[in-house]
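The data block below is query_22.cif; it holds mmCIF, C-alpha atoms and all ligand atoms.
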data_input
loop_
_atom_site.label_atom_id
_atom_site.label_comp_id
_atom_site.auth_asym_id
_atom_site.auth_seq_id
_atom_site.Cartn_x
_atom_site.Cartn_y
_atom_site.Cartn_z
CA MET V 4 -78.68 -45.72 -5.69
CA PRO V 5 -82.06 -46.29 -7.34
CA PRO V 6 -85.13 -45.43 -5.22
CA ARG V 7 -86.69 -48.09 -2.99
CA ARG V 8 -89.87 -49.37 -4.67
CA ILE V 9 -92.57 -49.64 -2.05
CA VAL V 10 -96.26 -50.31 -1.44
CA ILE V 11 -97.68 -48.40 1.53
CA ASP V 12 -100.44 -50.36 3.30
CA THR V 13 -102.26 -47.94 5.54
CA ASP V 14 -105.21 -46.99 7.76
CA PRO V 15 -105.03 -43.15 7.77
CA GLY V 16 -104.90 -41.89 10.62
CA GLN V 17 -103.04 -38.61 10.99
CA ASP V 18 -99.67 -40.30 11.50
CA ASP V 19 -100.23 -42.49 8.43
CA ALA V 20 -100.93 -39.29 6.51
CA VAL V 21 -97.59 -37.78 7.51
CA ALA V 22 -95.85 -41.02 6.53
CA ILE V 23 -97.47 -40.96 3.08
CA LEU V 24 -96.47 -37.30 2.62
CA LEU V 25 -92.89 -38.10 3.64
CA ALA V 26 -92.73 -40.87 1.03
CA LEU V 27 -94.23 -38.73 -1.72
CA ALA V 28 -91.82 -35.91 -0.87
CA SER V 29 -88.79 -38.19 -1.32
CA PRO V 30 -88.77 -39.38 -4.96
CA ASP V 31 -84.97 -39.78 -5.02
CA GLU V 32 -85.15 -42.39 -2.28
CA ILE V 33 -88.67 -43.81 -2.66
CA GLU V 34 -90.93 -44.83 -5.53
CA VAL V 35 -94.48 -45.47 -4.33
CA LEU V 36 -95.90 -48.23 -6.54
CA GLY V 37 -99.29 -47.90 -4.90
CA ILE V 38 -101.15 -47.32 -1.67
CA THR V 39 -103.43 -50.02 -0.24
CA ALA V 40 -106.02 -48.99 2.33
CA VAL V 41 -107.04 -51.31 5.14
CA ALA V 42 -109.64 -51.04 7.92
CA GLY V 43 -108.02 -50.01 11.18
CA ASN V 44 -108.07 -46.60 12.82
CA VAL V 45 -111.42 -46.06 11.11
CA PRO V 46 -113.52 -48.28 8.80
CA LEU V 47 -112.32 -49.00 5.26
CA PRO V 48 -114.48 -46.45 3.41
CA LEU V 49 -112.80 -43.74 5.49
CA THR V 50 -109.24 -45.07 5.24
CA ALA V 51 -109.68 -45.36 1.46
CA ARG V 52 -111.07 -41.79 1.41
CA ASN V 53 -108.32 -40.44 3.67
CA ALA V 54 -105.47 -41.95 1.64
CA ARG V 55 -106.79 -40.08 -1.41
CA ILE V 56 -107.15 -36.83 0.55
CA VAL V 57 -103.47 -37.09 1.42
CA CYS V 58 -102.42 -37.83 -2.18
CA GLU V 59 -104.43 -34.83 -3.40
CA LEU V 60 -102.94 -32.61 -0.69
CA ALA V 61 -99.50 -33.64 -2.01
CA GLY V 62 -100.60 -32.94 -5.59
CA ARG V 63 -100.15 -36.60 -6.46
CA THR V 64 -103.43 -37.73 -7.96
CA ASP V 65 -101.34 -40.05 -10.15
CA VAL V 66 -100.74 -42.39 -7.20
CA ARG V 67 -102.96 -45.47 -7.31
CA VAL V 68 -104.99 -45.98 -4.12
CA PHE V 69 -106.71 -49.35 -3.69
CA ALA V 70 -109.35 -50.32 -1.14
CA GLY V 71 -108.52 -53.53 0.70
CA CYS V 72 -109.92 -55.62 3.53
CA ASP V 73 -112.73 -54.12 5.56
CA ALA V 74 -112.32 -56.44 8.54
CA PRO V 75 -109.64 -58.60 10.19
CA MET V 76 -109.14 -62.16 8.93
CA SER V 77 -111.15 -63.80 11.70
CA ARG V 78 -112.23 -61.20 14.24
CA PRO V 79 -114.55 -58.22 14.35
CA LEU V 80 -112.94 -54.87 13.52
CA VAL V 81 -111.73 -52.65 16.36
CA THR V 82 -111.27 -48.98 15.45
CA ALA V 83 -109.61 -45.99 17.15
CA GLU V 84 -111.83 -42.95 16.65
CA HIS V 85 -110.96 -41.99 20.22
CA VAL V 86 -107.45 -41.24 18.96
CA HIS V 87 -107.94 -40.12 15.37
CA GLY V 88 -111.44 -38.63 15.50
CA LYS V 89 -114.60 -39.66 13.64
CA THR V 90 -113.12 -39.22 10.16
CA GLY V 91 -109.70 -40.63 11.07
CA LEU V 92 -108.13 -37.38 9.81
CA ASP V 93 -109.67 -34.91 12.25
CA GLY V 94 -107.81 -31.62 12.65
CA PRO V 95 -107.76 -29.53 9.47
CA VAL V 96 -110.84 -29.27 7.25
CA LEU V 97 -109.77 -30.68 3.87
CA PRO V 98 -111.85 -31.13 0.71
CA GLU V 99 -113.40 -34.50 -0.13
CA PRO V 100 -111.18 -36.38 -2.60
CA THR V 101 -112.03 -36.16 -6.30
CA MET V 102 -109.47 -38.73 -7.49
CA PRO V 103 -111.11 -42.15 -7.88
CA LEU V 104 -110.02 -45.32 -6.18
CA ALA V 105 -107.91 -47.53 -8.46
CA PRO V 106 -110.00 -50.39 -9.82
CA GLY V 107 -109.65 -53.75 -8.12
CA HIS V 108 -109.05 -54.98 -4.61
CA ALA V 109 -105.85 -54.07 -2.77
CA VAL V 110 -105.04 -57.73 -2.16
CA ASP V 111 -105.16 -58.43 -5.89
CA PHE V 112 -102.91 -55.42 -6.48
CA LEU V 113 -100.40 -56.73 -3.94
CA ILE V 114 -100.40 -60.19 -5.55
CA GLU V 115 -100.20 -58.83 -9.08
CA THR V 116 -97.41 -56.39 -8.23
CA LEU V 117 -95.29 -58.99 -6.47
CA ARG V 118 -95.79 -61.48 -9.32
CA THR V 119 -94.85 -59.00 -12.04
CA GLU V 120 -92.06 -56.95 -10.43
CA PRO V 121 -88.63 -58.64 -10.39
CA PRO V 122 -88.23 -60.75 -7.24
CA GLY V 123 -86.57 -58.99 -4.31
CA THR V 124 -87.30 -55.48 -5.58
CA VAL V 125 -90.49 -54.49 -3.72
CA THR V 126 -90.63 -53.40 -0.07
CA LEU V 127 -93.98 -53.57 1.75
CA CYS V 128 -94.61 -50.80 4.30
CA PRO V 129 -97.61 -51.70 6.48
CA LEU V 130 -98.71 -48.83 8.74
CA GLY V 131 -101.92 -50.42 10.06
CA PRO V 132 -103.35 -53.88 10.78
CA LEU V 133 -101.69 -56.55 8.63
CA THR V 134 -104.92 -57.91 7.14
CA ASN V 135 -104.20 -57.01 3.48
CA ILE V 136 -100.64 -58.36 3.59
CA ALA V 137 -101.57 -61.60 5.32
CA THR V 138 -104.56 -62.17 3.04
CA ALA V 139 -102.31 -61.74 -0.01
CA PHE V 140 -99.74 -64.19 1.44
CA ALA V 141 -102.45 -66.74 2.28
CA ARG V 142 -104.09 -66.46 -1.14
CA ALA V 143 -100.82 -66.47 -3.14
CA PRO V 144 -98.01 -68.15 -1.19
CA ASP V 145 -95.79 -67.87 -4.25
CA ILE V 146 -95.40 -64.10 -3.67
CA VAL V 147 -93.89 -64.44 -0.18
CA GLY V 148 -90.41 -65.27 -1.46
CA ARG V 149 -90.59 -62.39 -3.95
CA VAL V 150 -90.92 -59.65 -1.31
CA ARG V 151 -87.65 -57.77 -0.75
CA ASP V 152 -88.54 -56.95 2.86
CA ILE V 153 -91.27 -55.59 5.11
CA VAL V 154 -90.78 -52.44 7.18
CA LEU V 155 -93.78 -52.05 9.47
CA MET V 156 -95.07 -49.98 12.35
CA GLY V 157 -96.51 -52.24 15.01
CA GLY V 158 -95.96 -54.12 18.20
CA ALA V 159 -94.42 -53.25 21.52
CA TYR V 160 -92.42 -54.96 24.21
CA PHE V 161 -90.79 -52.92 26.99
CA GLU V 162 -93.26 -50.12 26.21
CA VAL V 163 -96.22 -52.54 26.59
CA GLY V 164 -99.55 -51.87 24.91
CA ASN V 165 -101.55 -48.83 23.84
CA ILE V 166 -104.92 -50.46 23.12
CA THR V 167 -104.72 -53.13 25.83
CA PRO V 168 -102.15 -53.37 28.65
CA SER V 169 -100.13 -55.76 26.48
CA ALA V 170 -100.91 -55.10 22.82
CA GLU V 171 -100.21 -52.33 20.32
CA PHE V 172 -103.17 -51.35 18.12
CA ASN V 173 -102.02 -52.53 14.65
CA ILE V 174 -101.18 -56.01 15.91
CA TYR V 175 -104.16 -56.20 18.26
CA VAL V 176 -106.74 -55.49 15.54
CA ASP V 177 -105.67 -58.56 13.53
CA PRO V 178 -103.34 -60.82 15.53
CA GLU V 179 -103.84 -63.78 13.16
CA ALA V 180 -102.70 -61.63 10.24
CA ALA V 181 -99.72 -60.39 12.22
CA ASP V 182 -98.82 -63.95 13.25
CA LEU V 183 -98.87 -65.05 9.60
CA VAL V 184 -96.62 -62.15 8.55
CA PHE V 185 -94.16 -62.59 11.44
CA ARG V 186 -93.90 -66.31 10.58
CA SER V 187 -93.65 -65.73 6.81
CA GLY V 188 -89.84 -65.66 6.64
CA VAL V 189 -89.87 -62.29 4.86
CA PRO V 190 -87.08 -60.06 6.27
CA LEU V 191 -88.84 -57.81 8.81
CA THR V 192 -87.93 -54.44 10.25
CA VAL V 193 -90.29 -53.52 13.07
CA MET V 194 -90.95 -50.01 14.41
CA PRO V 195 -92.68 -50.78 17.74
CA LEU V 196 -93.98 -48.39 20.37
CA ASP V 197 -90.60 -48.88 22.10
CA LEU V 198 -89.20 -46.82 19.25
CA THR V 199 -92.04 -44.53 18.22
CA HIS V 200 -92.57 -43.31 21.77
CA LYS V 201 -89.11 -41.72 21.42
CA ALA V 202 -90.22 -39.78 18.33
CA LEU V 203 -92.37 -37.36 20.29
CA THR V 204 -93.73 -34.11 18.93
CA SER V 205 -93.09 -30.89 20.82
CA ARG V 206 -94.38 -27.34 20.41
CA ASP V 207 -91.21 -26.36 18.52
CA ARG V 208 -91.40 -29.40 16.26
CA VAL V 209 -95.06 -28.79 15.42
CA GLU V 210 -94.48 -25.06 14.93
CA ALA V 211 -91.68 -25.93 12.49
CA PHE V 212 -94.33 -27.56 10.29
CA ARG V 213 -96.70 -24.58 10.62
CA ALA V 214 -93.85 -22.17 9.92
CA LEU V 215 -93.39 -23.76 6.48
CA GLY V 216 -96.35 -21.56 5.55
CA THR V 217 -97.68 -24.09 3.03
CA PRO V 218 -101.04 -25.89 2.93
CA VAL V 219 -99.20 -29.17 3.57
CA GLY V 220 -97.22 -27.73 6.49
CA ARG V 221 -100.40 -26.30 8.00
CA ALA V 222 -102.26 -29.62 7.59
CA VAL V 223 -99.43 -31.58 9.24
CA ALA V 224 -99.36 -29.14 12.16
CA GLU V 225 -103.15 -29.28 12.58
CA TRP V 226 -103.24 -33.09 12.31
CA THR V 227 -100.55 -33.28 14.96
CA ASP V 228 -102.34 -30.76 17.20
CA PHE V 229 -105.40 -33.02 17.10
CA PHE V 230 -103.59 -36.36 17.25
CA GLU V 231 -101.29 -35.53 20.16
CA ARG V 232 -104.07 -34.74 22.68
CA PHE V 233 -104.73 -38.50 23.22
CA ASP V 234 -101.15 -39.50 24.04
CA LYS V 235 -100.43 -36.34 26.07
CA GLU V 236 -103.49 -37.06 28.24
CA LYS V 237 -102.80 -40.82 28.53
CA TYR V 238 -99.05 -40.73 29.08
CA GLY V 239 -98.74 -37.23 30.47
CA SER V 240 -96.04 -36.70 27.86
CA ALA V 241 -95.11 -33.31 26.41
CA GLY V 242 -95.91 -34.52 22.91
CA ALA V 243 -97.26 -37.43 20.89
CA PRO V 244 -95.44 -40.17 19.03
CA LEU V 245 -95.45 -39.85 15.25
CA HIS V 246 -95.57 -43.61 14.81
CA ASP V 247 -95.94 -44.33 11.10
CA PRO V 248 -93.49 -41.79 9.60
CA CYS V 249 -90.72 -43.76 11.36
CA VAL V 250 -91.21 -46.51 8.75
CA ILE V 251 -90.60 -44.16 5.83
CA ALA V 252 -87.82 -42.22 7.57
CA TYR V 253 -86.01 -45.55 8.08
CA LEU V 254 -86.01 -46.13 4.31
CA ILE V 255 -84.54 -42.67 3.72
CA ARG V 256 -82.07 -42.44 6.62
CA PRO V 257 -81.67 -45.87 8.30
CA GLU V 258 -78.76 -44.53 10.35
CA LEU V 259 -81.26 -42.59 12.50
CA PHE V 260 -82.52 -45.89 13.92
CA SER V 261 -81.03 -48.76 15.90
CA GLY V 262 -82.30 -52.06 17.24
CA ARG V 263 -81.56 -55.75 17.51
CA HIS V 264 -82.18 -58.77 15.25
CA ILE V 265 -84.24 -61.03 17.47
CA ASN V 266 -87.16 -63.44 17.52
CA VAL V 267 -90.60 -61.83 17.69
CA VAL V 268 -93.78 -63.88 17.86
CA VAL V 269 -97.40 -62.77 18.10
CA GLU V 270 -99.74 -64.01 20.82
CA THR V 271 -103.09 -64.99 19.30
CA GLU V 272 -104.62 -66.99 22.19
CA GLY V 273 -103.78 -65.06 25.34
CA ARG V 274 -106.58 -64.49 27.81
CA TYR V 275 -105.15 -61.04 28.59
CA THR V 276 -102.30 -60.83 26.06
CA THR V 277 -103.84 -61.42 22.64
CA GLY V 278 -102.05 -59.20 20.10
CA MET V 279 -98.89 -58.93 22.16
CA THR V 280 -95.60 -59.06 20.28
CA VAL V 281 -93.37 -61.28 22.41
CA ALA V 282 -89.92 -59.88 21.58
CA ASP V 283 -87.05 -62.08 22.70
CA TRP V 284 -84.74 -59.08 23.31
CA TRP V 285 -82.50 -61.10 25.68
CA ARG V 286 -82.41 -64.08 23.30
CA VAL V 287 -83.58 -66.65 25.88
CA SER V 288 -86.20 -68.48 23.80
CA GLY V 289 -83.92 -70.37 21.44
CA ARG V 290 -86.26 -69.33 18.63
CA ASP V 291 -84.58 -68.10 15.43
CA PRO V 292 -84.38 -64.35 14.94
CA ASN V 293 -86.99 -63.14 12.42
CA ALA V 294 -87.11 -59.36 12.92
CA GLN V 295 -84.95 -56.28 13.30
CA PHE V 296 -86.74 -54.87 16.35
CA MET V 297 -86.00 -51.15 16.55
CA ARG V 298 -85.65 -49.46 19.91
CA ASP V 299 -83.82 -46.14 19.45
CA VAL V 300 -84.13 -43.17 17.14
CA ASP V 301 -82.26 -39.88 16.74
CA ALA V 302 -85.41 -37.82 17.33
CA GLU V 303 -83.80 -34.50 16.38
CA GLY V 304 -82.62 -36.00 13.10
CA PHE V 305 -86.01 -37.58 12.49
CA PHE V 306 -87.96 -34.34 12.93
CA ALA V 307 -85.39 -32.36 10.92
CA LEU V 308 -85.84 -34.83 8.06
CA LEU V 309 -89.62 -34.61 8.36
CA ALA V 310 -89.70 -30.80 8.31
CA GLU V 311 -87.24 -30.59 5.40
CA ARG V 312 -89.18 -33.11 3.29
CA ILE V 313 -92.67 -31.83 4.15
CA GLY V 314 -91.35 -28.40 3.17
CA ARG V 315 -90.78 -29.71 -0.35
CA LEU V 316 -94.51 -30.31 -0.95
O1 LIG C 1 -100.41 -48.00 17.60
C1 LIG C 1 -100.12 -47.01 16.65
C2 LIG C 1 -100.56 -47.44 15.30
O2 LIG C 1 -101.97 -47.63 15.31
C3 LIG C 1 -100.31 -46.36 14.22
O3 LIG C 1 -100.10 -46.99 12.99
C4 LIG C 1 -101.60 -45.60 14.20
O4 LIG C 1 -101.86 -44.99 12.93
C5 LIG C 1 -102.59 -46.72 14.40
O5 LIG C 1 -102.81 -47.37 13.15
CA CA C 2 -101.54 -46.44 11.07
#
Rendering of file as structure tokens:
Amino acid sequence: MPPRRIVIDTDPGQDDAVAILLALASPDEIEVLGITAVAGNVPLPLTARNARIVCELAGRTDVRVFAGCDAPMSRPLVTAEHVHGKTGLDGPVLPEPTMPLAPGHAVDFLIETLRTEPPGTVTLCPLGPLTNIATAFARAPDIVGRVRDIVLMGGAYFEVGNITPSAEFNIYVDPEAADLVFRSGVPLTVMPLDLTHKALTSRDRVEAFRALGTPVGRAVAEWTDFFERFDKEKYGSAGAPLHDPCVIAYLIRPELFSGRHINVVVETEGRYTTGMTVADWWRVSGRDPNAQFMRDVDAEGFFALLAERIGRL
């Protein structure tokens, strides 16, 4: 089977960083055509910087990293330094990137790539707010039908919200962008908090990264040490959810995940519920299914895959 050809759209973020490393460590299954940075966890200059730090840590300065949208389509930016720290990659001290940004805007790269690659061969993997993807779709509607599928981290239903009582961060930051993507008709696989909150770190799982004894293993362990303090405090859980790597792990070992093909819409006008993904899990709305909404993961298998692949770098 030829590797999946993907674009990773990201707002690193420690969990984004682990997702990027997992993709770069899996060349037999995944070919990364490019990485597009978007404002989210931290402002765009930092997400564009952080994506390059991760590529350099993986020894992959050949990967093209593009800077994208620095604010949501029609709202002010909301960031999450309280979770990810001031730099967005707090934890280990890593050198400033020396690899340059790829020339051009991320949205133009997305449009160009989808217009030139054969239709149905490129998977988009958004790990942050959907601003870049939605802007590309709005500017070039002809590319929508050329996307193979979208596998994204975002949303929540039974698990409710993590940035408001009803909304998950990636959707909340740019609900109009999310609404456009969820209505686009592109086949969607969604990794919501309902799923990622079952992919929790533990001392053993983090120590397995540190025990790799490599700079990458150490960085992943130290990112996770930093990142998990927020969720452990908030949810009183023993570990933290590694949200974004679930997207990449799904591409490598889909059998680790299960969910239901249902209708999911995005609330953009709720007084208290803006950014909520309204998932029709019980199929009562009569609306057509538009997303594979994932709800369960084999956590042992997921972390074993992560440790094995991170150990390759
Ligand atoms: O709500 C979790 C999501 O928001 C993850 O993608 C995390 O990186 C942040 O972007
Ligand atoms: Ca993210």
Restrict the calculation to all atoms listed in the file, then for each residue of chain V with any atom at most 9 Å from an atom of ligand CA 2 (chain C) give the closest atom pair and their distance in Å to one decimal, rows by chain and rising residue number, as JSON lines.
{"residue": "V:Asp12", "atom": "CA", "partner": "C:CA2", "partner_atom": "CA", "distance": 8.8}
{"residue": "V:Thr13", "atom": "CA", "partner": "C:CA2", "partner_atom": "CA", "distance": 5.8}
{"residue": "V:Asp14", "atom": "CA", "partner": "C:CA2", "partner_atom": "CA", "distance": 5.0}
{"residue": "V:Pro15", "atom": "CA", "partner": "C:CA2", "partner_atom": "CA", "distance": 5.8}
{"residue": "V:Gly16", "atom": "CA", "partner": "C:CA2", "partner_atom": "CA", "distance": 5.7}
{"residue": "V:Gln17", "atom": "CA", "partner": "C:CA2", "partner_atom": "CA", "distance": 8.0}
{"residue": "V:Asp18", "atom": "CA", "partner": "C:CA2", "partner_atom": "CA", "distance": 6.4}
{"residue": "V:Asp19", "atom": "CA", "partner": "C:CA2", "partner_atom": "CA", "distance": 4.9}
{"residue": "V:Ala20", "atom": "CA", "partner": "C:CA2", "partner_atom": "CA", "distance": 8.5}
{"residue": "V:Gly43", "atom": "CA", "partner": "C:CA2", "partner_atom": "CA", "distance": 7.4}
{"residue": "V:Asn44", "atom": "CA", "partner": "C:CA2", "partner_atom": "CA", "distance": 6.8}
{"residue": "V:Pro129", "atom": "CA", "partner": "C:CA2", "partner_atom": "CA", "distance": 8.0}
{"residue": "V:Leu130", "atom": "CA", "partner": "C:CA2", "partner_atom": "CA", "distance": 4.4}
{"residue": "V:Gly131", "atom": "CA", "partner": "C:CA2", "partner_atom": "CA", "distance": 4.1}
{"residue": "V:Pro132", "atom": "CA", "partner": "C:CA2", "partner_atom": "CA", "distance": 7.7}
{"residue": "V:Met156", "atom": "CA", "partner": "C:CA2", "partner_atom": "CA", "distance": 7.5}
{"residue": "V:Gly157", "atom": "CA", "partner": "C:CA2", "partner_atom": "CA", "distance": 8.6}
{"residue": "V:Phe172", "atom": "CA", "partner": "C:CA2", "partner_atom": "CA", "distance": 8.7}
{"residue": "V:Asn173", "atom": "CA", "partner": "C:CA2", "partner_atom": "CA", "distance": 7.1}
{"residue": "V:His246", "atom": "CA", "partner": "C:CA2", "partner_atom": "CA", "distance": 7.6}
{"residue": "V:Asp247", "atom": "CA", "partner": "C:CA2", "partner_atom": "CA", "distance": 6.0}
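Minimum atom-to-atom distance to Thr101 in chain V, evaluated using all atoms listed in the file, belongs to V:Cys58 out of V:Leu259, V:Ala180, V:Val267, V:Cys58.
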Select all residues near (-101.8, -27.5, 8.9) (cut-off 12 Å, inclusive, file coordinates), counting only C-alpha atoms, and output them as a ChimeraX atom specification. /V:17,21,60,92-97,209-229,313-314
As JSON, please report the centre and edge lengths, rounded to one decimal in Å, of the axis-aligned box that holds all listed atoms of ligand LIG 1 (chain C) with 4 Å of padding on each of the six sides.
{"center_x": -101.5, "center_y": -46.5, "center_z": 15.3, "size_x": 10.7, "size_y": 11.0, "size_z": 12.7}
Which residue is closest to ligand LIG 1 (chain C)? Choose from V:Val110, V:Val147, V:Leu245, V:Leu191 and count only C-alpha atoms and all ligand atoms. V:Leu245
Leaving out Leu127 in chain V and any residue of its chain fewer than 6 positions from it, which residues lie within 6 Å of it when counting only C-alpha atoms, given as a ChimeraX atom specification? /V:9-10,153
Around (-107.4, -56.3, -0.8) in the file's own coordinates, what residues are found within 7 Å if you use all atoms listed in the file, given back as number ranges by chain? V: 70-72, 108-111, 135
Point-to-point distance from CA of Glu270 in chain V to CA of Asp177 in chain V, Å rounded to tenths: 10.9 Å
Close residues, Gly262 in chain V itself excluded, 12 Å, all atoms listed in the file, min 4 positions apart in chain, as an MDAnalysis selection string: chainID V and resid 192:195 197:198 253 257:258 282 284 294:300
Could you save those same residues with C-alpha atoms as a PDB file, in the coordinates of the input?
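Dumped everything to selection28.pdb:
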ATOM      1  CA  THR V 192     -87.930 -54.440  10.250  1.00  0.00           C
ATOM      2  CA  VAL V 193     -90.290 -53.520  13.070  1.00  0.00           C
ATOM      3  CA  MET V 194     -90.950 -50.010  14.410  1.00  0.00           C
ATOM      4  CA  PRO V 195     -92.680 -50.780  17.740  1.00  0.00           C
ATOM      5  CA  ASP V 197     -90.600 -48.880  22.100  1.00  0.00           C
ATOM      6  CA  LEU V 198     -89.200 -46.820  19.250  1.00  0.00           C
ATOM      7  CA  TYR V 253     -86.010 -45.550   8.080  1.00  0.00           C
ATOM      8  CA  PRO V 257     -81.670 -45.870   8.300  1.00  0.00           C
ATOM      9  CA  GLU V 258     -78.760 -44.530  10.350  1.00  0.00           C
ATOM     10  CA  ALA V 282     -89.920 -59.880  21.580  1.00  0.00           C
ATOM     11  CA  TRP V 284     -84.740 -59.080  23.310  1.00  0.00           C
ATOM     12  CA  ALA V 294     -87.110 -59.360  12.920  1.00  0.00           C
ATOM     13  CA  GLN V 295     -84.950 -56.280  13.300  1.00  0.00           C
ATOM     14  CA  PHE V 296     -86.740 -54.870  16.350  1.00  0.00           C
ATOM     15  CA  MET V 297     -86.000 -51.150  16.550  1.00  0.00           C
ATOM     16  CA  ARG V 298     -85.650 -49.460  19.910  1.00  0.00           C
ATOM     17  CA  ASP V 299     -83.820 -46.140  19.450  1.00  0.00           C
ATOM     18  CA  VAL V 300     -84.130 -43.170  17.140  1.00  0.00           C
TER      19      VAL V 300
END
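Across the structure, CA of Glu162 in chain V and CA of Thr199 in chain V are spaced 9.8 Å apart.
Atom pair CA of Arg7 in chain V / CA of Leu49 in chain V has a distance of 27.8 Å (rounded to one decimal).
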Residues within 9 Å of Asp182 in chain V, all atoms listed in the file, excluding chain neighbours under 5 positions, as a ChimeraX atom specification: /V:137,174,177,187,268-271,278
For Asp65 in chain V, which residue among V:Ser261, V:Cys128, V:Asp234, V:Leu27 is the nearest when counting only C-alpha atoms? V:Leu27
Closest to ligand LIG 1 (chain C) among V:Val57, V:Met102, V:Val41, V:Leu183, using all atoms listed in the file? V:Val41
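When only C-alpha atoms are used to measure the gap to His200 in chain V, the shortest distance among V:Asp301, V:Phe112, V:Tyr175, V:Val150 belongs to V:Asp301.
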Hey, which of V:Gly37, V:Glu231, V:Asn53, V:Thr126 ends up closest to Leu254 in chain V? Count all atoms listed in the file. V:Thr126
